[in-house]
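As provided, final-v4.json (JSON, C-alpha atoms (C1' of nucleotides)) reads as follows.
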```json
[["chain", "number", "residue", "atom", "x", "y", "z"],
["L", 148, "MET", "CA", 160.15, 159.04, 60.71],
["L", 149, "SER", "CA", 158.44, 156.36, 62.76],
["L", 150, "ALA", "CA", 157.27, 154.49, 59.67],
["L", 151, "ILE", "CA", 159.44, 151.52, 60.53],
["L", 152, "ARG", "CA", 158.08, 151.25, 64.05],
["L", 153, "HIS", "CA", 154.60, 151.65, 62.64],
["L", 154, "GLU", "CA", 155.07, 148.72, 60.27],
["L", 155, "HIS", "CA", 156.55, 146.65, 63.07],
["L", 156, "ALA", "CA", 153.55, 147.31, 65.28],
["L", 157, "ALA", "CA", 151.24, 146.50, 62.38],
["L", 158, "ARG", "CA", 152.84, 143.10, 61.88],
["L", 159, "LYS", "CA", 152.75, 142.43, 65.60],
["L", 160, "LEU", "CA", 149.08, 143.26, 65.64],
["L", 161, "ARG", "CA", 148.26, 141.15, 62.58],
["L", 162, "ARG", "CA", 150.06, 138.18, 64.09],
["L", 163, "ASN", "CA", 147.53, 138.19, 66.90],
["L", 164, "ALA", "CA", 144.53, 137.77, 64.62],
["L", 165, "PRO", "CA", 143.99, 134.09, 65.55],
["L", 166, "VAL", "CA", 144.05, 134.97, 69.24],
["L", 167, "PHE", "CA", 141.45, 137.69, 68.77],
["L", 168, "ALA", "CA", 139.35, 135.34, 66.68],
["L", 169, "ALA", "CA", 139.47, 132.77, 69.47],
["L", 170, "LEU", "CA", 138.41, 135.46, 71.95],
["L", 171, "GLY", "CA", 135.50, 136.51, 69.76],
["L", 172, "ASP", "CA", 132.98, 134.08, 71.20],
["L", 173, "GLU", "CA", 131.09, 134.39, 74.47],
["L", 174, "THR", "CA", 131.27, 130.69, 75.24],
["L", 175, "ARG", "CA", 135.04, 130.68, 74.91],
["L", 176, "LEU", "CA", 135.39, 133.82, 77.02],
["L", 177, "THR", "CA", 133.31, 132.12, 79.69],
["L", 178, "LEU", "CA", 135.60, 129.11, 79.56],
["L", 179, "LEU", "CA", 138.62, 131.37, 80.00],
["L", 180, "THR", "CA", 137.13, 133.07, 83.03],
["L", 181, "LYS", "CA", 136.51, 129.66, 84.58],
["L", 182, "LEU", "CA", 140.12, 128.67, 83.97],
["L", 183, "CYS", "CA", 141.25, 131.99, 85.47],
["L", 184, "GLY", "CA", 140.81, 130.44, 88.88],
["L", 185, "GLY", "CA", 144.16, 128.75, 88.48],
["L", 186, "LEU", "CA", 142.97, 125.16, 88.88],
["L", 187, "PRO", "CA", 143.04, 122.95, 85.79],
["L", 188, "LEU", "CA", 139.51, 121.76, 84.98],
["L", 189, "SER", "CA", 138.31, 118.71, 83.09],
["L", 190, "ILE", "CA", 136.00, 118.89, 80.10],
["L", 191, "ALA", "CA", 133.21, 117.39, 82.15],
["L", 192, "ARG", "CA", 133.62, 120.05, 84.84],
["L", 193, "LEU", "CA", 133.68, 122.81, 82.27],
["L", 194, "THR", "CA", 130.54, 121.41, 80.65],
["L", 195, "GLU", "CA", 128.56, 121.15, 83.91],
["L", 196, "SER", "CA", 127.68, 124.84, 84.18],
["L", 197, "SER", "CA", 126.88, 125.21, 80.49],
["L", 198, "ALA", "CA", 123.77, 124.67, 78.44],
["L", 199, "LEU", "CA", 125.83, 123.21, 75.60],
["L", 200, "THR", "CA", 126.92, 119.68, 74.85],
["L", 201, "ARG", "CA", 130.23, 118.28, 75.96],
["L", 202, "GLN", "CA", 131.21, 118.01, 72.30],
["L", 203, "ALA", "CA", 130.55, 121.69, 71.74],
["L", 204, "ILE", "CA", 132.69, 122.58, 74.74],
["L", 205, "THR", "CA", 135.39, 120.23, 73.47],
["L", 206, "LYS", "CA", 135.43, 122.02, 70.12],
["L", 207, "HIS", "CA", 135.67, 125.41, 71.81],
["L", 208, "LEU", "CA", 138.56, 124.17, 73.93],
["L", 209, "GLY", "CA", 140.22, 123.00, 70.73],
["L", 210, "VAL", "CA", 139.92, 126.47, 69.25],
["L", 211, "LEU", "CA", 141.40, 128.01, 72.39],
["L", 212, "GLN", "CA", 144.21, 125.47, 72.36],
["L", 213, "ASP", "CA", 145.02, 126.12, 68.69],
["L", 214, "ALA", "CA", 145.26, 129.81, 69.53],
["L", 215, "GLY", "CA", 147.67, 128.93, 72.35],
["L", 216, "LEU", "CA", 145.36, 130.36, 74.99],
["L", 217, "VAL", "CA", 144.90, 127.08, 76.79],
["L", 218, "ARG", "CA", 146.81, 123.88, 77.35],
["L", 219, "GLY", "CA", 145.31, 120.46, 77.95],
["L", 220, "VAL", "CA", 147.11, 117.75, 79.89],
["L", 221, "ARG", "CA", 145.86, 114.22, 80.29],
["L", 222, "ARG", "CA", 145.46, 112.84, 83.80],
["L", 223, "GLY", "CA", 143.97, 109.41, 83.99],
["L", 224, "ARG", "CA", 140.76, 109.28, 82.06],
["L", 225, "GLU", "CA", 140.25, 113.03, 82.13],
["L", 226, "ASN", "CA", 141.74, 115.87, 80.13],
["L", 227, "LEU", "CA", 142.57, 118.84, 82.34],
["L", 228, "PHE", "CA", 142.73, 122.26, 80.74],
["L", 229, "GLU", "CA", 144.74, 125.12, 82.08],
["L", 230, "LEU", "CA", 145.05, 128.76, 81.06],
["L", 231, "GLU", "CA", 148.13, 129.91, 79.17],
["L", 232, "PRO", "CA", 148.55, 133.61, 79.95],
["L", 233, "ARG", "CA", 151.29, 134.57, 77.54],
["L", 234, "PRO", "CA", 149.24, 135.01, 74.33],
["L", 235, "LEU", "CA", 146.78, 137.10, 76.30],
["L", 236, "ASP", "CA", 149.56, 139.43, 77.40],
["L", 237, "GLU", "CA", 150.87, 139.69, 73.88],
["L", 238, "ALA", "CA", 147.43, 140.55, 72.52],
["L", 239, "ARG", "CA", 146.98, 143.14, 75.23],
["L", 240, "ARG", "CA", 150.30, 144.72, 74.35],
["L", 241, "ALA", "CA", 149.36, 144.79, 70.68],
["L", 242, "LEU", "CA", 146.21, 146.72, 71.56],
["L", 243, "ASP", "CA", 148.38, 149.01, 73.67],
["L", 244, "GLY", "CA", 150.50, 149.68, 70.62],
["L", 245, "ILE", "CA", 147.63, 150.70, 68.39],
["L", 246, "SER", "CA", 146.16, 152.96, 71.06],
["L", 247, "ARG", "CA", 149.55, 154.60, 71.56],
["L", 248, "GLN", "CA", 149.99, 155.17, 67.84],
["L", 249, "TRP", "CA", 146.57, 156.73, 67.67],
["L", 250, "ASP", "CA", 147.40, 159.10, 70.52],
["L", 251, "GLU", "CA", 150.72, 160.06, 68.96],
["L", 252, "ALA", "CA", 149.06, 160.69, 65.61],
["L", 253, "LEU", "CA", 146.47, 162.94, 67.18],
["L", 254, "ALA", "CA", 149.15, 164.86, 69.03],
["L", 255, "ARG", "CA", 151.09, 165.34, 65.80],
["L", 256, "LEU", "CA", 148.01, 166.53, 63.95],
["L", 257, "LYS", "CA", 147.11, 168.92, 66.74],
["L", 258, "SER", "CA", 150.54, 170.50, 66.89],
["L", 259, "PHE", "CA", 150.49, 170.78, 63.10],
["L", 260, "VAL", "CA", 147.23, 172.70, 63.20],
["L", 261, "GLU", "CA", 148.43, 174.98, 65.97],
["L", 262, "GLU", "CA", 151.50, 176.15, 64.11],
["A", 152, "MET", "CA", 135.52, 136.41, 98.83],
["A", 153, "SER", "CA", 136.12, 138.12, 95.50],
["A", 154, "ALA", "CA", 133.49, 136.03, 93.74],
["A", 155, "ILE", "CA", 131.42, 139.12, 93.04],
["A", 156, "ARG", "CA", 134.30, 140.96, 91.45],
["A", 157, "HIS", "CA", 135.12, 137.85, 89.51],
["A", 158, "GLU", "CA", 131.62, 137.65, 88.05],
["A", 159, "HIS", "CA", 131.71, 141.34, 87.25],
["A", 160, "ALA", "CA", 134.95, 140.95, 85.35],
["A", 161, "ALA", "CA", 133.55, 137.91, 83.56],
["A", 162, "ARG", "CA", 130.56, 139.88, 82.32],
["A", 163, "LYS", "CA", 132.77, 142.75, 81.28],
["A", 164, "LEU", "CA", 134.92, 140.37, 79.32],
["A", 165, "ARG", "CA", 131.98, 138.62, 77.67],
["A", 166, "ARG", "CA", 130.53, 141.96, 76.61],
["A", 167, "ASN", "CA", 133.61, 142.51, 74.47],
["A", 168, "ALA", "CA", 133.14, 139.36, 72.42],
["A", 169, "PRO", "CA", 131.94, 141.24, 69.30],
["A", 170, "VAL", "CA", 134.96, 143.54, 69.48],
["A", 171, "PHE", "CA", 137.35, 140.60, 69.67],
["A", 172, "ALA", "CA", 135.50, 138.89, 66.83],
["A", 173, "ALA", "CA", 135.92, 142.01, 64.70],
["A", 174, "LEU", "CA", 139.63, 142.06, 65.55],
["A", 175, "GLY", "CA", 140.01, 138.40, 64.59],
["A", 176, "ASP", "CA", 140.79, 138.99, 60.92],
["A", 177, "GLU", "CA", 144.06, 140.13, 59.40],
["A", 178, "THR", "CA", 142.42, 142.31, 56.78],
["A", 179, "ARG", "CA", 140.50, 144.22, 59.42],
["A", 180, "LEU", "CA", 143.58, 144.60, 61.61],
["A", 181, "THR", "CA", 145.41, 146.03, 58.61],
["A", 182, "LEU", "CA", 142.59, 148.51, 58.08],
["A", 183, "LEU", "CA", 142.80, 149.58, 61.71],
["A", 184, "THR", "CA", 146.54, 150.17, 61.49],
["A", 185, "LYS", "CA", 145.96, 152.35, 58.43],
["A", 186, "LEU", "CA", 143.37, 154.38, 60.29],
["A", 187, "CYS", "CA", 145.77, 154.70, 63.23],
["A", 188, "GLY", "CA", 147.46, 157.53, 61.38],
["A", 189, "GLY", "CA", 144.72, 159.85, 62.54],
["A", 190, "LEU", "CA", 143.49, 160.93, 59.11],
["A", 191, "PRO", "CA", 140.08, 159.70, 57.98],
["A", 192, "LEU", "CA", 140.44, 157.63, 54.82],
["A", 193, "SER", "CA", 137.96, 156.88, 52.06],
["A", 194, "ILE", "CA", 137.00, 153.37, 51.01],
["A", 195, "ALA", "CA", 138.83, 153.87, 47.72],
["A", 196, "ARG", "CA", 142.01, 154.89, 49.55],
["A", 197, "LEU", "CA", 141.75, 151.94, 51.91],
["A", 198, "THR", "CA", 141.26, 149.59, 48.97],
["A", 199, "GLU", "CA", 144.26, 150.87, 46.97],
["A", 200, "SER", "CA", 146.91, 149.01, 48.93],
["A", 201, "SER", "CA", 144.93, 145.79, 49.15],
["A", 202, "ALA", "CA", 144.59, 142.79, 46.91],
["A", 203, "LEU", "CA", 140.89, 142.57, 47.67],
["A", 204, "THR", "CA", 137.88, 144.14, 46.00],
["A", 205, "ARG", "CA", 136.39, 147.40, 47.14],
["A", 206, "GLN", "CA", 133.26, 145.47, 48.10],
["A", 207, "ALA", "CA", 135.24, 143.18, 50.36],
["A", 208, "ILE", "CA", 136.86, 146.16, 52.06],
["A", 209, "THR", "CA", 133.44, 147.77, 52.42],
["A", 210, "LYS", "CA", 132.12, 144.69, 54.16],
["A", 211, "HIS", "CA", 135.09, 144.60, 56.53],
["A", 212, "LEU", "CA", 134.56, 148.26, 57.35],
["A", 213, "GLY", "CA", 130.94, 147.43, 58.08],
["A", 214, "VAL", "CA", 132.01, 144.77, 60.56],
["A", 215, "LEU", "CA", 134.39, 147.19, 62.24],
["A", 216, "GLN", "CA", 131.68, 149.83, 62.39],
["A", 217, "ASP", "CA", 129.15, 147.41, 63.88],
["A", 218, "ALA", "CA", 131.69, 146.60, 66.57],
["A", 219, "GLY", "CA", 132.08, 150.32, 67.25],
["A", 220, "LEU", "CA", 135.75, 150.28, 66.31],
["A", 221, "VAL", "CA", 135.34, 152.67, 63.41],
["A", 222, "ARG", "CA", 133.06, 155.49, 62.37],
["A", 223, "GLY", "CA", 132.21, 156.49, 58.81],
["A", 224, "VAL", "CA", 131.24, 160.01, 57.88],
["A", 225, "ARG", "CA", 130.08, 161.08, 54.46],
["A", 226, "ARG", "CA", 131.92, 163.92, 52.74],
["A", 227, "GLY", "CA", 130.80, 164.66, 49.25],
["A", 228, "ARG", "CA", 130.85, 161.54, 47.18],
["A", 229, "GLU", "CA", 133.23, 159.70, 49.48],
["A", 230, "ASN", "CA", 132.75, 157.93, 52.79],
["A", 231, "LEU", "CA", 135.59, 158.69, 55.20],
["A", 232, "PHE", "CA", 136.35, 156.23, 57.95],
["A", 233, "GLU", "CA", 137.98, 157.13, 61.20],
["A", 234, "LEU", "CA", 139.17, 155.06, 64.13],
["A", 235, "GLU", "CA", 137.15, 155.00, 67.34],
["A", 236, "PRO", "CA", 139.59, 154.25, 70.15],
["A", 237, "ARG", "CA", 137.21, 153.70, 73.04],
["A", 238, "PRO", "CA", 136.18, 150.06, 72.38],
["A", 239, "LEU", "CA", 139.83, 149.19, 71.92],
["A", 240, "ASP", "CA", 140.66, 150.58, 75.33],
["A", 241, "GLU", "CA", 137.78, 148.73, 76.89],
["A", 242, "ALA", "CA", 138.87, 145.45, 75.32],
["A", 243, "ARG", "CA", 142.41, 146.03, 76.50],
["A", 244, "ARG", "CA", 141.21, 146.65, 80.03],
["A", 245, "ALA", "CA", 139.13, 143.47, 79.91],
["A", 246, "LEU", "CA", 142.24, 141.50, 79.01],
["A", 247, "ASP", "CA", 144.03, 143.28, 81.84],
["A", 248, "GLY", "CA", 141.36, 142.03, 84.19],
["A", 249, "ILE", "CA", 141.68, 138.39, 83.24],
["A", 250, "SER", "CA", 145.47, 138.54, 83.48],
["A", 251, "ARG", "CA", 145.21, 140.12, 86.90],
["A", 252, "GLN", "CA", 142.77, 137.47, 88.11],
["A", 253, "TRP", "CA", 145.09, 134.76, 86.88],
["A", 254, "ASP", "CA", 148.01, 136.28, 88.77],
["A", 255, "GLU", "CA", 145.98, 136.65, 91.95],
["A", 256, "ALA", "CA", 144.77, 133.06, 91.70],
["A", 257, "LEU", "CA", 148.32, 131.77, 91.31],
["A", 258, "ALA", "CA", 149.44, 133.82, 94.29],
["A", 259, "ARG", "CA", 146.61, 132.40, 96.39],
["A", 260, "LEU", "CA", 147.42, 128.85, 95.34],
["A", 261, "LYS", "CA", 151.09, 129.37, 96.07],
["A", 262, "SER", "CA", 150.50, 130.77, 99.55],
["A", 263, "PHE", "CA", 148.08, 127.90, 100.21],
["A", 264, "VAL", "CA", 150.74, 125.34, 99.33],
["A", 265, "GLU", "CA", 153.38, 127.05, 101.41],
["A", 266, "GLU", "CA", 151.34, 126.95, 104.63],
["E", 2, "DC", "C1'", 134.68, 91.38, 86.80],
["E", 3, "DT", "C1'", 131.18, 94.84, 85.92],
["E", 4, "DA", "C1'", 129.29, 99.15, 85.72],
["E", 5, "DA", "C1'", 129.69, 103.97, 85.58],
["E", 6, "DT", "C1'", 132.41, 107.89, 83.95],
["E", 7, "DC", "C1'", 135.35, 110.69, 80.80],
["E", 8, "DT", "C1'", 136.78, 111.23, 76.54],
["E", 9, "DG", "C1'", 137.56, 110.95, 71.32],
["E", 10, "DC", "C1'", 136.06, 110.39, 66.56],
["E", 11, "DA", "C1'", 132.94, 110.83, 62.68],
["E", 12, "DA", "C1'", 128.92, 112.22, 60.28],
["E", 13, "DC", "C1'", 125.72, 115.51, 59.66],
["E", 14, "DC", "C1'", 123.28, 120.05, 59.47],
["E", 15, "DA", "C1'", 121.97, 125.13, 59.36],
["E", 16, "DG", "C1'", 123.66, 129.45, 59.10],
["E", 17, "DG", "C1'", 127.09, 132.95, 58.75],
["E", 18, "DA", "C1'", 131.66, 134.90, 56.87],
["E", 19, "DG", "C1'", 134.46, 136.26, 53.28],
["E", 20, "DG", "C1'", 134.69, 137.11, 48.64],
["E", 21, "DT", "C1'", 133.23, 138.07, 43.82],
["E", 22, "DT", "C1'", 130.49, 140.15, 39.91],
["E", 23, "DG", "C1'", 127.09, 143.21, 37.91],
["E", 24, "DC", "C1'", 124.45, 147.15, 37.92],
["E", 25, "DA", "C1'", 122.52, 151.50, 39.63],
["E", 26, "DT", "C1'", 123.26, 156.01, 41.74],
["E", 27, "DA", "C1'", 125.33, 160.24, 43.42],
["E", 28, "DT", "C1'", 128.88, 163.61, 43.14],
["E", 29, "DG", "C1'", 132.90, 166.27, 41.24],
["E", 30, "DA", "C1'", 135.46, 168.01, 37.23],
["E", 31, "DA", "C1'", 135.95, 169.93, 32.47],
["N", 138, "DT", "C1'", 126.11, 168.81, 29.90],
["N", 139, "DT", "C1'", 129.10, 165.00, 29.89],
["N", 140, "DC", "C1'", 132.41, 161.99, 31.69],
["N", 141, "DA", "C1'", 135.00, 159.95, 35.34],
["N", 142, "DT", "C1'", 135.08, 158.70, 40.18],
["N", 143, "DA", "C1'", 133.23, 156.86, 44.69],
["N", 144, "DT", "C1'", 129.91, 154.49, 46.56],
["N", 145, "DG", "C1'", 125.78, 151.39, 47.51],
["N", 146, "DC", "C1'", 122.82, 147.35, 46.78],
["N", 147, "DA", "C1'", 121.81, 142.66, 45.60],
["N", 148, "DA", "C1'", 122.66, 138.06, 44.12],
["N", 149, "DC", "C1'", 125.55, 134.40, 44.24],
["N", 150, "DC", "C1'", 129.18, 131.09, 45.70],
["N", 151, "DT", "C1'", 132.28, 128.42, 48.76],
["N", 152, "DC", "C1'", 134.02, 127.29, 53.06],
["N", 153, "DC", "C1'", 134.14, 127.53, 57.96],
["N", 154, "DT", "C1'", 131.75, 127.68, 62.42],
["N", 155, "DG", "C1'", 128.93, 126.28, 66.03],
["N", 156, "DG", "C1'", 126.12, 122.83, 67.27],
["N", 157, "DT", "C1'", 124.06, 118.18, 67.44],
["N", 158, "DT", "C1'", 123.80, 112.90, 67.70],
["N", 159, "DG", "C1'", 125.64, 108.26, 67.88],
["N", 160, "DC", "C1'", 129.05, 105.12, 68.89],
["N", 161, "DA", "C1'", 133.50, 103.24, 70.47],
["N", 162, "DG", "C1'", 137.49, 103.14, 73.66],
["N", 163, "DA", "C1'", 139.87, 103.95, 77.99],
["N", 164, "DT", "C1'", 139.87, 104.37, 82.92],
["N", 165, "DT", "C1'", 138.20, 104.39, 87.61],
["N", 166, "DA", "C1'", 134.97, 102.70, 91.26],
["N", 167, "DG", "C1'", 132.53, 98.93, 93.72]]
```
Here is the file; what I need is its structure written in the form of structure tokens.
Amino acid sequence: MSAIRHEHAARKLRRNAPVFAALGDETRLTLLTKLCGGLPLSIARLTESSALTRQAITKHLGVLQDAGLVRGVRRGRENLFELEPRPLDEARRALDGISRQWDEALARLKSFVEE
Amino acid sequence: MSAIRHEHAARKLRRNAPVFAALGDETRLTLLTKLCGGLPLSIARLTESSALTRQAITKHLGVLQDAGLVRGVRRGRENLFELEPRPLDEARRALDGISRQWDEALARLKSFVEE
DNA sequence: CTAATCTGCAACCAGGAGGTTGCATATGAA
DNA sequence: TTCATATGCAACCTCCTGGTTGCAGATTAG
């Protein structure tokens, strides 16, 4: 039986909860898309195109950093933030896993009905 | 320039914020993995293996349903919940998009440095 | 040196999230 | 009918989240 693999995938998925939580906010998703350009951006730069306060943006960056989605490095008086793609890939693969399990389950159920 | 495609992907990503928010909780991820089996499960069944109250589970199912990740259908005195795979796929594709844009951006930056 | 800029820290606030309890209601079984 | 089961609704509580303002410190520009 694939019960073991199922439990493994479940744990893998659950482990990504903080990443999904960090992604569950439009402001943070907007920040990520800005950092997708590849160039590290300062807090001030990231605040420019937003209606929110610098402090709000700072907090959002903190959430993203705690989730491992972003990394901040100090340069002079500014704090440059850069995207960290690995957690994103892992989350994507976790979603892959659940979709695959769903498909397999449906296939099993279908073949069971047809016999 | 691919600025248009970039903005399109950004909007697509932002649209999935509620889905990610719904995924950002271990209890709800556990519920999803249980529903991955393909068989619709009642609230009572989903509560059995949990330390939480039935009411708590009900609320979590409500969140998942509002995000479109799950669909509840009444059968007799029980409410059976079933996974809805489409939003998951869409969210996965949105993550794909941001990863791809990151890779492309790095490639551009690299070729720019090398010239 | 002085002024402008970028950031960090702390306090504060409103509202929502997660959870519980209690009670009412609908349905299935005997 | 009568009892057990499955659910829904509402009130309540605590804690976290998203956001603000004010001020202080560090760094760069002139």
Over all C-alpha pairs taken in sequence order, what does chain L look like after a least-squares fit onto chain A? Please give it as an mmCIF file with C-alpha atoms, in the coordinates of the input.
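Saved result, selection_11.cif, follows:
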```cif
data_model
loop_
_atom_site.group_PDB
_atom_site.id
_atom_site.type_symbol
_atom_site.label_atom_id
_atom_site.label_comp_id
_atom_site.auth_asym_id
_atom_site.auth_seq_id
_atom_site.Cartn_x
_atom_site.Cartn_y
_atom_site.Cartn_z
ATOM 1 C CA MET L 148 135.463 136.577 98.833
ATOM 2 C CA SER L 149 136.133 138.178 95.472
ATOM 3 C CA ALA L 150 133.462 136.102 93.749
ATOM 4 C CA ILE L 151 131.403 139.184 93.019
ATOM 5 C CA ARG L 152 134.296 141.021 91.416
ATOM 6 C CA HIS L 153 135.108 137.878 89.488
ATOM 7 C CA GLU L 154 131.600 137.686 88.047
ATOM 8 C CA HIS L 155 131.702 141.377 87.220
ATOM 9 C CA ALA L 156 134.951 140.965 85.323
ATOM 10 C CA ALA L 157 133.522 137.934 83.542
ATOM 11 C CA ARG L 158 130.535 139.907 82.295
ATOM 12 C CA LYS L 159 132.771 142.774 81.257
ATOM 13 C CA LEU L 160 134.914 140.371 79.310
ATOM 14 C CA ARG L 161 131.971 138.615 77.653
ATOM 15 C CA ARG L 162 130.529 141.948 76.581
ATOM 16 C CA ASN L 163 133.614 142.501 74.465
ATOM 17 C CA ALA L 164 133.144 139.354 72.402
ATOM 18 C CA PRO L 165 131.948 141.243 69.287
ATOM 19 C CA VAL L 166 134.973 143.528 69.460
ATOM 20 C CA PHE L 167 137.352 140.582 69.663
ATOM 21 C CA ALA L 168 135.519 138.888 66.823
ATOM 22 C CA ALA L 169 135.942 142.007 64.704
ATOM 23 C CA LEU L 170 139.655 142.042 65.553
ATOM 24 C CA GLY L 171 140.039 138.398 64.586
ATOM 25 C CA ASP L 172 140.792 139.002 60.926
ATOM 26 C CA GLU L 173 144.077 140.119 59.403
ATOM 27 C CA THR L 174 142.436 142.311 56.793
ATOM 28 C CA ARG L 175 140.511 144.223 59.431
ATOM 29 C CA LEU L 176 143.590 144.608 61.623
ATOM 30 C CA THR L 177 145.409 146.030 58.621
ATOM 31 C CA LEU L 178 142.589 148.495 58.077
ATOM 32 C CA LEU L 179 142.817 149.579 61.710
ATOM 33 C CA THR L 180 146.544 150.173 61.484
ATOM 34 C CA LYS L 181 145.966 152.343 58.423
ATOM 35 C CA LEU L 182 143.364 154.374 60.292
ATOM 36 C CA CYS L 183 145.773 154.695 63.232
ATOM 37 C CA GLY L 184 147.453 157.510 61.369
ATOM 38 C CA GLY L 185 144.717 159.835 62.532
ATOM 39 C CA LEU L 186 143.497 160.941 59.104
ATOM 40 C CA PRO L 187 140.078 159.710 57.994
ATOM 41 C CA LEU L 188 140.428 157.627 54.821
ATOM 42 C CA SER L 189 137.933 156.878 52.077
ATOM 43 C CA ILE L 190 137.002 153.369 51.012
ATOM 44 C CA ALA L 191 138.824 153.865 47.745
ATOM 45 C CA ARG L 192 142.006 154.896 49.559
ATOM 46 C CA LEU L 193 141.762 151.955 51.908
ATOM 47 C CA THR L 194 141.258 149.607 48.963
ATOM 48 C CA GLU L 195 144.255 150.903 46.975
ATOM 49 C CA SER L 196 146.924 149.055 48.956
ATOM 50 C CA SER L 197 144.939 145.829 49.162
ATOM 51 C CA ALA L 198 144.610 142.833 46.907
ATOM 52 C CA LEU L 199 140.895 142.598 47.670
ATOM 53 C CA THR L 200 137.890 144.158 46.012
ATOM 54 C CA ARG L 201 136.381 147.410 47.152
ATOM 55 C CA GLN L 202 133.256 145.483 48.127
ATOM 56 C CA ALA L 203 135.247 143.175 50.364
ATOM 57 C CA ILE L 204 136.866 146.147 52.071
ATOM 58 C CA THR L 205 133.447 147.760 52.433
ATOM 59 C CA LYS L 206 132.123 144.660 54.183
ATOM 60 C CA HIS L 207 135.102 144.580 56.533
ATOM 61 C CA LEU L 208 134.571 148.243 57.361
ATOM 62 C CA GLY L 209 130.951 147.404 58.103
ATOM 63 C CA VAL L 210 132.024 144.736 60.563
ATOM 64 C CA LEU L 211 134.404 147.161 62.259
ATOM 65 C CA GLN L 212 131.686 149.796 62.395
ATOM 66 C CA ASP L 213 129.151 147.381 63.908
ATOM 67 C CA ALA L 214 131.711 146.574 66.586
ATOM 68 C CA GLY L 215 132.084 150.310 67.245
ATOM 69 C CA LEU L 216 135.756 150.274 66.314
ATOM 70 C CA VAL L 217 135.352 152.659 63.422
ATOM 71 C CA ARG L 218 133.073 155.476 62.389
ATOM 72 C CA GLY L 219 132.226 156.477 58.841
ATOM 73 C CA VAL L 220 131.228 160.006 57.895
ATOM 74 C CA ARG L 221 130.069 161.053 54.468
ATOM 75 C CA ARG L 222 131.896 163.892 52.740
ATOM 76 C CA GLY L 223 130.756 164.612 49.247
ATOM 77 C CA ARG L 224 130.787 161.474 47.198
ATOM 78 C CA GLU L 225 133.185 159.669 49.504
ATOM 79 C CA ASN L 226 132.740 157.911 52.821
ATOM 80 C CA LEU L 227 135.576 158.711 55.209
ATOM 81 C CA PHE L 228 136.332 156.240 57.967
ATOM 82 C CA GLU L 229 137.975 157.139 61.208
ATOM 83 C CA LEU L 230 139.190 155.072 64.148
ATOM 84 C CA GLU L 231 137.151 155.001 67.345
ATOM 85 C CA PRO L 232 139.595 154.249 70.162
ATOM 86 C CA ARG L 233 137.241 153.695 73.058
ATOM 87 C CA PRO L 234 136.189 150.070 72.387
ATOM 88 C CA LEU L 235 139.838 149.198 71.912
ATOM 89 C CA ASP L 236 140.670 150.585 75.340
ATOM 90 C CA GLU L 237 137.793 148.723 76.901
ATOM 91 C CA ALA L 238 138.882 145.446 75.321
ATOM 92 C CA ARG L 239 142.424 146.032 76.489
ATOM 93 C CA ARG L 240 141.220 146.634 80.022
ATOM 94 C CA ALA L 241 139.141 143.468 79.915
ATOM 95 C CA LEU L 242 142.255 141.497 78.997
ATOM 96 C CA ASP L 243 144.037 143.271 81.840
ATOM 97 C CA GLY L 244 141.355 142.032 84.188
ATOM 98 C CA ILE L 245 141.676 138.394 83.232
ATOM 99 C CA SER L 246 145.462 138.510 83.467
ATOM 100 C CA ARG L 247 145.214 140.106 86.906
ATOM 101 C CA GLN L 248 142.765 137.479 88.114
ATOM 102 C CA TRP L 249 145.065 134.765 86.886
ATOM 103 C CA ASP L 250 148.005 136.269 88.763
ATOM 104 C CA GLU L 251 145.979 136.648 91.945
ATOM 105 C CA ALA L 252 144.762 133.066 91.697
ATOM 106 C CA LEU L 253 148.283 131.769 91.300
ATOM 107 C CA ALA L 254 149.447 133.803 94.267
ATOM 108 C CA ARG L 255 146.613 132.413 96.380
ATOM 109 C CA LEU L 256 147.388 128.855 95.349
ATOM 110 C CA LYS L 257 151.074 129.325 96.054
ATOM 111 C CA SER L 258 150.533 130.721 99.524
ATOM 112 C CA PHE L 259 148.091 127.887 100.197
ATOM 113 C CA VAL L 260 150.709 125.305 99.300
ATOM 114 C CA GLU L 261 153.377 127.000 101.378
ATOM 115 C CA GLU L 262 151.375 126.936 104.578
#
```
Taking all atoms listed in the file into account, report as a PyMOL selection string which residues of chain A lie within 12 Å of chain E. chain A and resi 172-173+175-176+178-179+202-211+214+225-230
Could you turn the residues from that selection into a file that holds C-alpha atoms, as a short mmCIF file (atom, residue, chain, number, x, y, z; two decimals), in the coordinates of the input?
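Everything below was put into part14.cif:
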```
data_model
loop_
_atom_site.label_atom_id
_atom_site.label_comp_id
_atom_site.auth_asym_id
_atom_site.auth_seq_id
_atom_site.Cartn_x
_atom_site.Cartn_y
_atom_site.Cartn_z
CA ALA A 172 135.50 138.89 66.83
CA ALA A 173 135.92 142.01 64.70
CA GLY A 175 140.01 138.40 64.59
CA ASP A 176 140.79 138.99 60.92
CA THR A 178 142.42 142.31 56.78
CA ARG A 179 140.50 144.22 59.42
CA ALA A 202 144.59 142.79 46.91
CA LEU A 203 140.89 142.57 47.67
CA THR A 204 137.88 144.14 46.00
CA ARG A 205 136.39 147.40 47.14
CA GLN A 206 133.26 145.47 48.10
CA ALA A 207 135.24 143.18 50.36
CA ILE A 208 136.86 146.16 52.06
CA THR A 209 133.44 147.77 52.42
CA LYS A 210 132.12 144.69 54.16
CA HIS A 211 135.09 144.60 56.53
CA VAL A 214 132.01 144.77 60.56
CA ARG A 225 130.08 161.08 54.46
CA ARG A 226 131.92 163.92 52.74
CA GLY A 227 130.80 164.66 49.25
CA ARG A 228 130.85 161.54 47.18
CA GLU A 229 133.23 159.70 49.48
CA ASN A 230 132.75 157.93 52.79
#
```
Using all atoms listed in the file, the shortest atom-to-atom distance to chain A among L:Leu211, L:Ala241, L:Ala254, L:Ala164 belongs to L:Ala164
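Here CA of Ser196 (chain L) and CA of Ala238 (chain L) stand 27.8 Å from one another.
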